[in-house]
>>> print(open('data-v3.txt').read())   # compact mmCIF, C-alpha atoms
# COMPACT_ATOMS: atom_id res chain seq x y z
CA MET A 239 75.08 160.94 24.07
CA ASN A 240 76.33 162.02 20.66
CA GLY A 241 73.30 161.69 18.41
CA SER A 242 75.01 162.11 15.03
CA ALA A 243 74.75 158.88 13.04
CA GLY A 244 78.13 157.30 12.49
CA ASN A 245 79.95 159.59 14.93
CA TYR A 246 79.60 157.65 18.18
CA THR A 247 83.05 156.85 19.56
CA VAL A 248 84.56 154.66 22.25
CA GLU A 249 85.13 157.84 24.31
CA ASP A 250 81.40 158.58 24.05
CA ALA A 251 80.65 155.05 25.24
CA LYS A 252 82.98 155.35 28.23
CA GLU A 253 81.51 158.73 29.15
CA ASN A 254 77.96 157.39 29.00
CA LEU A 255 78.59 153.94 30.46
CA ASP A 256 76.21 154.43 33.39
CA VAL A 257 73.40 155.37 31.00
CA LEU A 258 74.21 152.42 28.74
CA ARG A 259 74.00 150.06 31.70
CA ALA A 260 70.66 151.52 32.74
CA VAL A 261 68.85 151.78 29.39
CA PRO A 262 69.11 149.02 26.74
CA ASP A 263 67.66 151.30 24.04
CA LYS A 264 70.68 153.56 24.49
CA VAL A 265 72.97 150.60 23.78
CA VAL A 266 71.05 149.99 20.56
CA GLU A 267 71.52 153.65 19.60
CA ALA A 268 75.23 153.42 20.37
CA VAL A 269 75.60 150.35 18.18
CA GLU A 270 73.68 151.93 15.32
CA ASP A 271 75.60 155.24 15.59
CA ALA A 272 79.04 153.66 16.06
CA ASN A 273 81.83 155.15 13.96
CA GLY A 274 83.79 151.91 13.81
CA SER A 275 84.25 148.33 14.97
CA ASP A 276 86.18 149.42 18.08
CA VAL A 277 82.96 150.85 19.54
CA LEU A 278 81.14 147.53 19.16
CA GLU A 279 84.10 145.61 20.54
CA PHE A 280 84.08 147.84 23.61
CA LEU A 281 80.32 147.59 24.15
CA ILE A 282 80.03 143.85 23.60
CA ARG A 283 83.35 142.09 24.24
CA GLU A 284 84.77 144.36 26.91
CA GLN A 285 81.63 145.54 28.70
CA GLY A 286 79.30 142.64 27.79
CA LEU A 287 76.30 144.96 27.61
CA ASP A 288 74.30 142.48 25.57
CA LYS A 289 74.67 139.90 28.37
CA TYR A 290 73.98 142.56 31.00
CA HIS A 291 70.63 143.48 29.46
CA GLU A 292 69.59 140.33 27.62
CA GLY A 293 71.09 137.50 29.63
CA ASP A 294 72.88 134.45 28.30
CA GLN A 295 70.39 133.42 25.61
CA GLY A 296 68.17 134.82 22.92
CA VAL A 297 68.64 137.52 20.30
CA GLY A 298 67.15 140.70 21.73
CA ILE A 299 67.24 144.24 20.42
CA ILE A 300 70.91 144.82 21.28
CA ARG A 301 72.12 141.63 19.61
CA GLN A 302 69.92 142.29 16.60
CA ALA A 303 71.52 145.72 16.27
CA VAL A 304 74.99 144.16 16.39
CA LEU A 305 74.04 141.55 13.79
CA LYS A 306 72.78 144.29 11.47
CA SER A 307 75.72 146.63 12.02
CA PRO A 308 78.14 147.09 9.09
CA HIS A 309 80.91 147.54 11.65
CA ALA A 310 80.43 144.17 13.36
CA SER A 311 82.97 141.51 12.44
CA GLN A 312 81.85 137.96 11.74
CA GLY A 313 83.49 136.95 14.99
CA LEU A 314 81.50 139.50 16.99
CA LYS A 315 78.29 138.46 15.26
CA ARG A 316 79.04 134.87 16.18
CA THR A 317 79.62 135.95 19.77
CA VAL A 318 76.22 137.60 20.17
CA SER A 319 74.29 134.96 18.23
CA THR A 320 75.73 132.10 20.33
CA ARG A 321 75.70 133.64 23.81
CA GLY A 322 75.14 130.90 26.36
CA ASP A 323 75.91 128.12 23.90
CA ASP A 324 77.52 125.26 25.82
CA THR A 325 78.68 123.21 22.83
CA PRO A 326 82.12 121.78 23.69
CA GLU A 327 84.99 122.99 21.53
CA ARG A 328 86.76 119.63 21.42
CA ILE A 329 85.54 117.53 18.49
CA LEU A 330 85.43 113.85 19.40
CA VAL A 331 84.27 112.23 16.18
CA PRO A 332 86.87 110.41 14.03
CA ASP A 333 89.02 112.67 11.86
CA ASP A 334 87.73 111.35 8.54
CA VAL A 335 84.13 111.98 9.65
CA GLU A 336 84.93 115.59 10.50
CA ARG A 337 86.72 116.19 7.19
CA ASN A 338 83.93 114.57 5.17
CA ALA A 339 81.26 116.66 6.87
CA ARG A 340 83.17 119.92 6.51
CA THR A 341 83.86 119.21 2.84
CA ALA A 342 80.23 118.31 2.17
CA LEU A 343 79.04 121.58 3.72
CA ARG A 344 81.40 123.52 1.46
CA THR A 345 79.78 121.93 -1.59
CA GLY A 346 76.50 123.54 -0.55
CA LYS A 347 74.72 120.21 -0.11
CA PRO A 348 72.51 119.58 2.93
CA VAL A 349 74.29 117.12 5.20
CA VAL A 350 72.88 114.14 7.07
CA LEU A 351 74.90 112.82 10.01
CA TYR A 352 73.69 109.27 10.58
CA GLY A 353 74.59 106.44 12.88
CA PRO A 354 73.51 104.63 16.04
CA THR A 355 72.62 106.34 19.29
CA GLY A 356 75.52 107.71 21.30
CA THR A 357 77.90 108.52 18.48
CA GLY A 358 77.78 112.29 19.12
CA LYS A 359 75.68 113.32 16.12
CA THR A 360 73.86 116.27 17.70
CA THR A 361 76.95 117.70 19.40
CA PHE A 362 78.95 117.35 16.20
CA ALA A 363 76.14 119.02 14.22
CA LYS A 364 76.36 122.05 16.53
CA GLN A 365 80.14 122.08 16.27
CA LEU A 366 79.90 122.04 12.48
CA ALA A 367 77.41 124.89 12.59
CA LEU A 368 79.70 126.96 14.80
CA GLN A 369 82.70 126.26 12.55
CA HIS A 370 80.92 126.93 9.28
CA CYS A 371 78.43 129.66 10.19
CA VAL A 372 77.85 132.66 12.42
CA GLY A 373 74.68 131.33 14.06
CA TYR A 374 72.39 128.33 14.06
CA SER A 375 69.01 127.06 15.22
CA LEU A 376 68.28 123.53 16.46
CA HIS A 377 64.94 121.81 15.81
CA THR A 378 64.16 118.28 17.05
CA ALA A 379 61.73 116.32 14.90
CA THR A 380 58.56 114.72 16.23
CA PRO A 381 56.17 112.18 14.63
CA SER A 382 53.66 115.01 14.08
CA TRP A 383 56.01 117.07 11.90
CA THR A 384 54.79 118.05 8.43
CA ALA A 385 56.26 120.10 5.61
CA LYS A 386 54.95 123.17 7.45
CA ASP A 387 57.56 122.62 10.17
CA ILE A 388 60.31 122.76 7.53
CA ILE A 389 58.99 125.28 4.99
CA GLY A 390 56.15 127.06 6.76
CA GLY A 391 52.46 127.61 6.04
CA ILE A 392 49.31 129.38 7.12
CA GLY A 393 48.44 129.46 10.81
CA PRO A 394 45.69 130.99 12.95
CA LYS A 395 46.05 134.40 14.56
CA LEU A 396 43.75 136.14 17.04
CA THR A 397 43.23 139.84 16.37
CA GLY A 398 41.34 142.63 18.07
CA SER A 399 41.05 143.84 21.65
CA THR A 400 40.42 141.66 24.70
CA GLY A 401 36.69 142.25 24.52
CA VAL A 402 36.30 141.73 20.79
CA ARG A 403 38.54 139.02 19.37
CA SER A 404 38.40 137.62 15.86
CA LEU A 405 40.23 134.73 14.24
CA GLY A 406 42.46 135.50 11.30
CA TYR A 407 45.34 133.81 9.55
CA GLN A 408 49.00 134.59 9.04
CA THR A 409 52.02 133.08 7.35
CA GLU A 410 54.26 131.13 9.71
CA LEU A 411 57.83 130.36 8.68
CA GLY A 412 59.27 126.88 9.13
CA ALA A 413 62.74 125.94 10.34
CA VAL A 414 64.48 126.33 6.98
CA SER A 415 62.59 129.41 5.78
CA GLU A 416 63.22 131.09 9.15
CA GLY A 417 66.92 130.29 8.75
CA VAL A 418 66.92 131.91 5.30
CA LYS A 419 65.26 135.01 6.73
CA ARG A 420 67.90 135.33 9.46
CA ALA A 421 70.73 134.90 6.96
CA ARG A 422 69.20 137.64 4.80
CA ASP A 423 68.28 140.07 7.56
CA PHE A 424 71.65 139.86 9.30
CA GLU A 425 73.78 139.07 6.21
CA ILE A 426 75.43 136.10 7.90
CA PRO A 427 76.04 132.43 7.10
CA TYR A 428 73.47 130.53 9.13
CA ALA A 429 72.90 126.85 9.89
CA VAL A 430 69.61 125.04 10.44
CA ILE A 431 69.97 121.78 12.40
CA LEU A 432 67.14 119.28 12.03
CA ASP A 433 67.73 116.72 14.75
CA GLU A 434 66.51 113.09 14.81
CA ILE A 435 64.63 113.37 11.52
CA THR A 436 63.81 109.64 11.51
CA ARG A 437 61.20 110.42 14.16
CA ALA A 438 59.15 112.04 11.40
CA ASP A 439 57.97 110.89 7.98
CA ILE A 440 61.00 112.06 5.99
CA SER A 441 59.39 111.94 2.55
CA GLN A 442 56.45 114.01 3.82
CA ILE A 443 58.38 116.71 5.67
CA PHE A 444 61.04 117.15 2.98
CA GLY A 445 58.84 117.00 -0.11
CA PRO A 446 58.85 120.74 -0.99
CA LEU A 447 62.48 121.05 0.11
CA TYR A 448 63.59 118.44 -2.44
CA THR A 449 62.22 120.63 -5.23
CA ALA A 450 63.98 123.71 -3.87
CA ILE A 451 67.30 121.86 -3.62
CA GLU A 452 67.02 120.97 -7.31
CA ASN A 453 66.02 124.52 -8.26
CA ARG A 454 67.24 127.23 -5.89
CA ASN A 455 65.04 129.81 -7.64
CA GLN A 456 62.01 127.89 -6.39
CA THR A 457 60.07 129.95 -3.85
CA LEU A 458 59.61 128.07 -0.59
CA ILE A 459 57.07 130.47 0.88
CA GLU A 460 55.95 134.08 0.67
CA THR A 461 55.65 136.16 3.85
CA ASP A 462 52.63 138.33 4.65
CA ASP A 463 54.55 141.42 3.52
CA GLY A 464 55.28 139.90 0.11
CA GLU A 465 58.87 138.74 0.67
CA THR A 466 59.63 135.51 -1.16
CA ILE A 467 61.86 132.96 0.57
CA GLU A 468 64.18 130.82 -1.54
CA LEU A 469 67.09 128.64 -0.46
CA ASP A 470 70.13 130.83 0.15
CA GLU A 471 73.75 129.78 -0.33
CA ARG A 472 74.49 131.25 3.09
CA VAL A 473 72.17 128.71 4.74
CA SER A 474 73.55 125.28 5.66
CA ILE A 475 71.13 122.47 6.47
CA ILE A 476 72.50 119.83 8.86
CA CYS A 477 70.36 116.83 9.79
CA THR A 478 70.94 114.03 12.26
CA MET A 479 69.45 110.59 11.89
CA ASN A 480 69.42 107.69 14.35
CA MET A 481 70.00 104.55 12.32
CA SER A 482 69.65 102.02 15.15
CA ASP A 483 66.48 100.65 13.60
CA ARG A 484 66.96 101.54 9.93
CA THR A 485 69.64 101.30 7.29
CA VAL A 486 70.59 103.70 4.52
CA ASN A 487 69.10 101.28 2.01
CA GLU A 488 65.70 101.66 3.67
CA LEU A 489 65.64 105.44 3.22
CA ASP A 490 63.71 107.27 0.58
CA ASN A 491 66.00 107.48 -2.46
CA ALA A 492 65.13 111.19 -2.73
CA ILE A 493 67.11 112.10 0.37
CA THR A 494 70.22 110.05 -0.46
CA ARG A 495 70.36 111.68 -3.92
CA ARG A 496 70.05 115.25 -2.65
CA PHE A 497 71.84 115.13 0.71
CA ALA A 498 75.43 114.32 1.60
CA MET A 499 75.32 111.25 3.87
CA VAL A 500 78.07 111.24 6.52
CA GLU A 501 78.23 108.19 8.77
CA LEU A 502 79.14 108.30 12.46
CA ASP A 503 79.46 104.73 13.62
CA GLU A 504 82.48 102.74 14.69
CA TYR A 505 85.25 104.51 16.55
CA GLU A 506 88.71 103.03 16.33
CA ASP A 507 89.55 101.11 19.50
CA GLU A 508 92.30 103.56 20.38
CA ASP A 509 90.04 106.59 19.86
CA ARG A 510 87.21 105.09 21.89
CA ARG A 511 89.52 104.11 24.74
CA SER A 512 90.97 107.62 24.70
CA LEU A 513 87.46 109.02 25.14
CA PHE A 514 86.77 106.73 28.08
CA GLU A 515 90.11 107.51 29.72
CA GLY A 516 89.57 111.25 29.25
CA TRP A 517 86.12 111.25 30.84
CA ILE A 518 87.23 109.10 33.76
CA ASP A 519 90.21 111.35 34.36
CA ASP A 520 88.21 114.58 33.96
CA TYR A 521 85.34 113.63 36.25
CA LEU A 522 86.78 111.00 38.59
CA GLY A 523 90.52 111.64 38.67
CA ASP A 524 90.36 113.44 42.02
CA ILE A 525 87.89 111.01 43.62
CA PRO A 526 89.77 108.00 45.05
CA LEU A 527 86.67 105.89 45.73
CA LEU A 528 86.79 103.73 42.62
CA ASP A 529 89.43 101.74 40.81
CA ASN A 530 89.47 103.87 37.66
CA GLY A 531 91.38 101.25 35.72
CA GLU A 532 88.73 98.65 36.46
CA LEU A 533 86.00 101.14 35.60
CA LEU A 534 87.68 101.65 32.22
CA ASP A 535 87.70 97.86 31.72
CA LEU A 536 83.99 97.79 32.55
CA PHE A 537 83.25 100.47 29.97
CA GLU A 538 85.22 98.54 27.36
CA ALA A 539 83.56 95.22 28.22
CA ASP A 540 80.08 96.75 28.20
CA PHE A 541 80.62 98.55 24.91
CA ASP A 542 82.14 95.48 23.27
CA GLY A 543 79.40 93.17 24.49
CA ILE A 544 76.65 95.45 23.22
CA ASN A 545 78.23 96.06 19.82
CA HIS A 546 80.05 92.80 19.12
CA GLY A 547 78.89 90.20 21.63
CA SER A 548 81.06 88.72 24.37
CA GLU A 549 82.37 85.38 25.50
CA LYS A 550 80.62 85.80 28.86
CA ALA A 551 77.17 85.92 27.26
CA SER A 552 76.03 83.11 25.05
CA ARG A 553 74.67 85.35 22.28
CA GLY A 554 76.17 87.71 19.74
CA PRO A 555 75.89 91.49 19.33
CA ILE A 556 72.88 93.25 20.79
CA MET A 557 72.79 96.47 18.71
CA ARG A 558 74.91 99.36 17.48
CA PHE A 559 75.61 101.66 20.44
CA GLY A 560 77.94 104.64 20.55
CA PRO A 561 80.53 105.56 23.20
CA MET A 562 79.15 108.99 24.15
CA HIS A 563 76.71 107.50 26.66
CA TYR A 564 79.57 106.68 29.02
CA ARG A 565 80.35 110.34 29.53
CA ASP A 566 76.98 110.62 31.30
CA VAL A 567 77.98 107.71 33.53
CA THR A 568 81.17 109.47 34.62
CA ILE A 569 79.33 112.75 35.27
CA PHE A 570 76.76 110.86 37.38
CA LEU A 571 79.54 109.22 39.38
CA HIS A 572 81.31 112.56 39.81
CA GLU A 573 78.24 113.97 41.55
CA ALA A 574 77.25 110.79 43.40
CA LEU A 575 80.64 110.17 45.01
CA GLN A 576 81.11 113.61 46.55
CA ASP A 577 77.99 113.67 48.72
CA GLU A 578 77.45 111.52 51.78
CA SER A 579 73.68 111.70 51.25
CA LEU A 580 74.13 110.12 47.80
CA TYR A 581 76.65 107.33 47.14
CA MET A 582 79.91 108.47 48.75
CA ASP A 583 79.80 105.46 51.06
CA GLU A 584 78.60 103.06 48.36
CA PRO A 585 80.73 103.68 45.25
CA GLU A 586 80.13 100.17 43.85
CA GLU A 587 76.37 100.70 44.09
CA ALA A 588 76.76 104.08 42.37
CA VAL A 589 78.24 102.40 39.29
CA GLY A 590 75.25 100.08 38.93
CA GLN A 591 72.83 102.95 39.42
CA ALA A 592 74.65 105.03 36.80
CA PHE A 593 74.28 102.20 34.28
CA ARG A 594 70.65 101.77 35.30
CA THR A 595 70.03 105.49 34.76
CA PHE A 596 71.92 106.21 31.54
CA ILE A 597 72.83 103.03 29.67
CA VAL A 598 70.10 100.40 30.08
CA PRO A 599 67.08 102.69 29.38
CA ARG A 600 68.69 103.84 26.14
CA LEU A 601 69.27 100.24 25.09
CA LEU A 602 65.74 99.20 25.98
CA ASN A 603 64.28 102.16 24.11
CA SER A 604 65.46 100.69 20.79
CA ALA A 605 65.23 97.00 21.67
CA ALA A 606 62.93 94.34 20.28
CA PHE A 607 61.98 91.34 22.45
CA PRO A 608 65.00 89.15 21.59
CA GLN A 609 67.32 92.08 22.29
CA ILE A 610 65.73 92.67 25.71
CA GLU A 611 66.60 89.09 26.58
CA GLN A 612 70.16 89.73 25.46
CA ILE A 613 70.40 92.94 27.48
CA GLU A 614 69.36 91.17 30.66
CA GLU A 615 71.78 88.31 30.02
CA HIS A 616 74.56 90.74 29.18
CA TYR A 617 74.31 92.65 32.46
CA ARG A 618 73.97 89.56 34.59
CA ALA A 619 77.18 88.27 32.98
CA LEU A 620 78.92 91.62 33.57
CA ASN A 621 77.79 91.62 37.17
CA LYS A 622 79.54 88.29 37.71
CA SER A 623 82.68 89.37 35.88
CA PHE A 624 83.07 92.69 37.69
CA GLU A 625 82.39 91.72 41.28
CA ARG A 626 83.67 95.04 42.65
CA PHE A 627 80.79 96.86 40.93
CA GLU A 628 77.16 96.23 41.81
CA LEU A 629 75.54 95.99 38.38
CA GLY A 630 72.45 94.25 39.74
CA PRO A 631 70.25 97.37 39.33
CA ALA A 632 71.05 97.47 35.61
CA ALA A 633 70.21 93.79 35.17
CA GLU A 634 67.04 94.11 37.25
CA LEU A 635 65.73 96.96 35.10
CA ALA A 636 66.20 94.83 31.99
CA SER A 637 64.57 91.88 33.77
CA ARG A 638 61.45 93.88 34.63
CA GLU A 639 61.17 95.07 31.05
CA LEU A 640 61.54 91.49 29.85
CA GLU A 641 58.80 90.30 32.20
CA ALA A 642 56.50 93.09 31.01
CA GLU A 643 57.12 92.10 27.38
CA GLN A 644 56.45 88.44 28.20
CA ARG A 645 53.16 89.32 29.90
CA GLN A 646 52.12 91.42 26.93
CA MET A 647 52.98 88.64 24.50
CA GLY A 648 51.02 86.19 26.64
CA SER A 649 47.94 88.41 26.53
CA TYR A 650 47.94 88.17 22.74
CA GLN A 651 47.98 84.37 22.76
>>> encode(input="data-v3.txt", output="structure tokens")
Amino acid sequence: MNGSAGNYTVEDAKENLDVLRAVPDKVVEAVEDANGSDVLEFLIREQGLDKYHEGDQGVGIIRQAVLKSPHASQGLKRTVSTRGDDTPERILVPDDVERNARTALRTGKPVVLYGPTGTGKTTFAKQLALQHCVGYSLHTATPSWTAKDIIGGIGPKLTGSTGVRSLGYQTELGAVSEGVKRARDFEIPYAVILDEITRADISQIFGPLYTAIENRNQTLIETDDGETIELDERVSIICTMNMSDRTVNELDNAITRRFAMVELDEYEDEDRRSLFEGWIDDYLGDIPLLDNGELLDLFEADFDGINHGSEKASRGPIMRFGPMHYRDVTIFLHEALQDESLYMDEPEEAVGQAFRTFIVPRLLNSAAFPQIEQIEEHYRALNKSFERFELGPAAELASRELEAEQRQMGSYQ
């Protein structure tokens, strides 16, 4: 290999290809010694040596070298930082939602995508990150989250040999401070996605971040080697928030003043129907075991009954519920109806089991007692209306949950 820094050519790479495929450190040297972008394009796009050595995920030594290279284009950096990313390219959210979110990110404000379950918030957050930045990280909130998970803090560290171990402490970066560090180290625009933040105590986890948003010179944390971490204009913060059990008015005023709030809720009837038709065609178009037109009507009736109430059930709306859940139903049916050991001979039963697996549990997860009663009633009414589909399993799951709730209520009396 040509060892002169900055003089490594595509011809050198071709000549040493066997060595490059055998030794990942040699790929790193080639990247660092490259005399131009064509060398990196050959190594990464044409030969895929980062995938060959490092697989489909993670940022190993080869990808780190590409990200740090002055010859790497933003497109190539995006390629190595998102290897294995399965985020769909097609954006399904309404057009005004997409434009509002993209505009808000350009203002430099953190963005909150909020709305009921099934509106595509997490997928859209990743799509925004891929549009707006070179790389991103995704962090899903839990009830135990603290400001340390966002900003960072001091954590324990074992030091010493196996025989003699001692407990010390080290600085641990949080999601946002780690994102800042990556943007700095690799000189790239980087997104930090904080998913389902309503699972945590928002005012507690975001407290220090609020101050930094107001004053970008505010140090978030200092690393063990003395590097101070402040918010960086190259870092975009994208949050998602499930509003099925809360409203914007119930949020801490601090977040609505500092974050751009972008709602994902109601899809236009035409847009929603287009989604349903597309999924049915994509996953079931070549499987002639179901009446796809009637399945579309079932999706529409189910969605409408959940969100707006229906004439078949005696009550009104159950809750806000997005259309993305029905994609999982079509994927389930796609698999179930191509295998004799599954539901190939029982397509009507497969529909009920798909609803029992993907729709009803997600409804019950957010439902209070009166809503559980409505869910059971809703699916019993649907089962009568759509006789070609066996929706009994969906209704029975809701019925068992209702009975369990009734027993629990009785134990308190």
>>> atom_distance(input="data-v3.txt", atom1="atom CA of A:Ile443", atom2="atom CA of A:Leu343")
21.3 Å
>>> closest_residue(input="data-v3.txt", among="A:Thr325, A:Asn453, A:Thr357, A:Thr466", to="A:Leu502", atoms="all atoms listed in the file")
A:Thr357
>>> atom_distance(input="data-v3.txt", atom1="atom CA of A:Val473", atom2="atom CA of A:Glu460")
17.6 Å
>>> closest_residue(input="data-v3.txt", among="A:Ala619, A:Ala438, A:Ile467, A:Leu629", to="A:Leu533", atoms="all atoms listed in the file")
A:Leu629
>>> atom_distance(input="data-v3.txt", atom1="atom CA of A:Asp470", atom2="atom CA of A:Ile426")
10.8 Å
>>> closest_residue(input="data-v3.txt", among="A:Pro608, A:Ile475, A:Arg403, A:Lys359", to="A:Ala342", atoms="only C-alpha atoms")
A:Ile475
>>> closest_residue(input="data-v3.txt", among="A:Leu305, A:Ala268, A:Ala367, A:Tyr352", to="A:Arg340", atoms="only C-alpha atoms")
A:Ala367
>>> closest_residue(input="data-v3.txt", among="A:Ile459, A:Val248, A:Ala429, A:Cys371", to="A:Gly412", atoms="all atoms listed in the file")
A:Ile459
>>> closest_residue(input="data-v3.txt", among="A:Val269, A:Gly322, A:Leu620, A:Thr568", to="A:Asp520", atoms="all atoms listed in the file")
A:Thr568
>>> residues_around(input="data-v3.txt", residues="A:Cys477", least_positions_apart="2", cutoff="8 Å", atoms="all atoms listed in the file", output="short mmCIF file (atom, residue, chain, number, x, y, z; two decimals) with C-alpha atoms, in the frame of the given file")
data_model
loop_
_atom_site.label_atom_id
_atom_site.label_comp_id
_atom_site.auth_asym_id
_atom_site.auth_seq_id
_atom_site.Cartn_x
_atom_site.Cartn_y
_atom_site.Cartn_z
CA PRO A 348 72.51 119.58 2.93
CA VAL A 349 74.29 117.12 5.20
CA VAL A 350 72.88 114.14 7.07
CA LEU A 351 74.90 112.82 10.01
CA ALA A 363 76.14 119.02 14.22
CA ILE A 431 69.97 121.78 12.40
CA LEU A 432 67.14 119.28 12.03
CA ASP A 433 67.73 116.72 14.75
CA GLU A 434 66.51 113.09 14.81
CA ILE A 435 64.63 113.37 11.52
CA ILE A 475 71.13 122.47 6.47
CA MET A 479 69.45 110.59 11.89
#
>>> residues_around(input="data-v3.txt", residues="stretch 327-333 of chain A", least_positions_apart="5", cutoff="8 Å", atoms="only C-alpha atoms", output="list in words")
Thr357, Gly358, Phe362, Gln365, Leu502, Tyr505, Glu506, Asp509 and Leu513 of chain A
>>> residues_around(input="data-v3.txt", residues="stretch 418-422 of chain A", least_positions_apart="5", cutoff="12 Å", atoms="only C-alpha atoms", output="ChimeraX atom specification")
/A:297,302,305-306,315,319,371-375,388-390,411-413,427-430,457-461,465-475
>>> residues_around(input="data-v3.txt", residues="A:Gln609", least_positions_apart="6", cutoff="10 Å", atoms="only C-alpha atoms", output="PDB file with C-alpha atoms, in the coordinates of the input")
ATOM      1  CA  ILE A 544      76.650  95.450  23.220  1.00  0.00           C
ATOM      2  CA  ARG A 553      74.670  85.350  22.280  1.00  0.00           C
ATOM      3  CA  PRO A 555      75.890  91.490  19.330  1.00  0.00           C
ATOM      4  CA  ILE A 556      72.880  93.250  20.790  1.00  0.00           C
ATOM      5  CA  MET A 557      72.790  96.470  18.710  1.00  0.00           C
ATOM      6  CA  LEU A 601      69.270 100.240  25.090  1.00  0.00           C
ATOM      7  CA  LEU A 602      65.740  99.200  25.980  1.00  0.00           C
ATOM      8  CA  GLU A 615      71.780  88.310  30.020  1.00  0.00           C
ATOM      9  CA  LEU A 640      61.540  91.490  29.850  1.00  0.00           C
TER      10      LEU A 640
END
>>> residues_near_point(input="data-v3.txt", point="(49.6, 127.7, 11.8)", cutoff="8 Å", atoms="only C-alpha atoms", output="VMD selection string")
chain A and resid 391 to 394 407 to 410
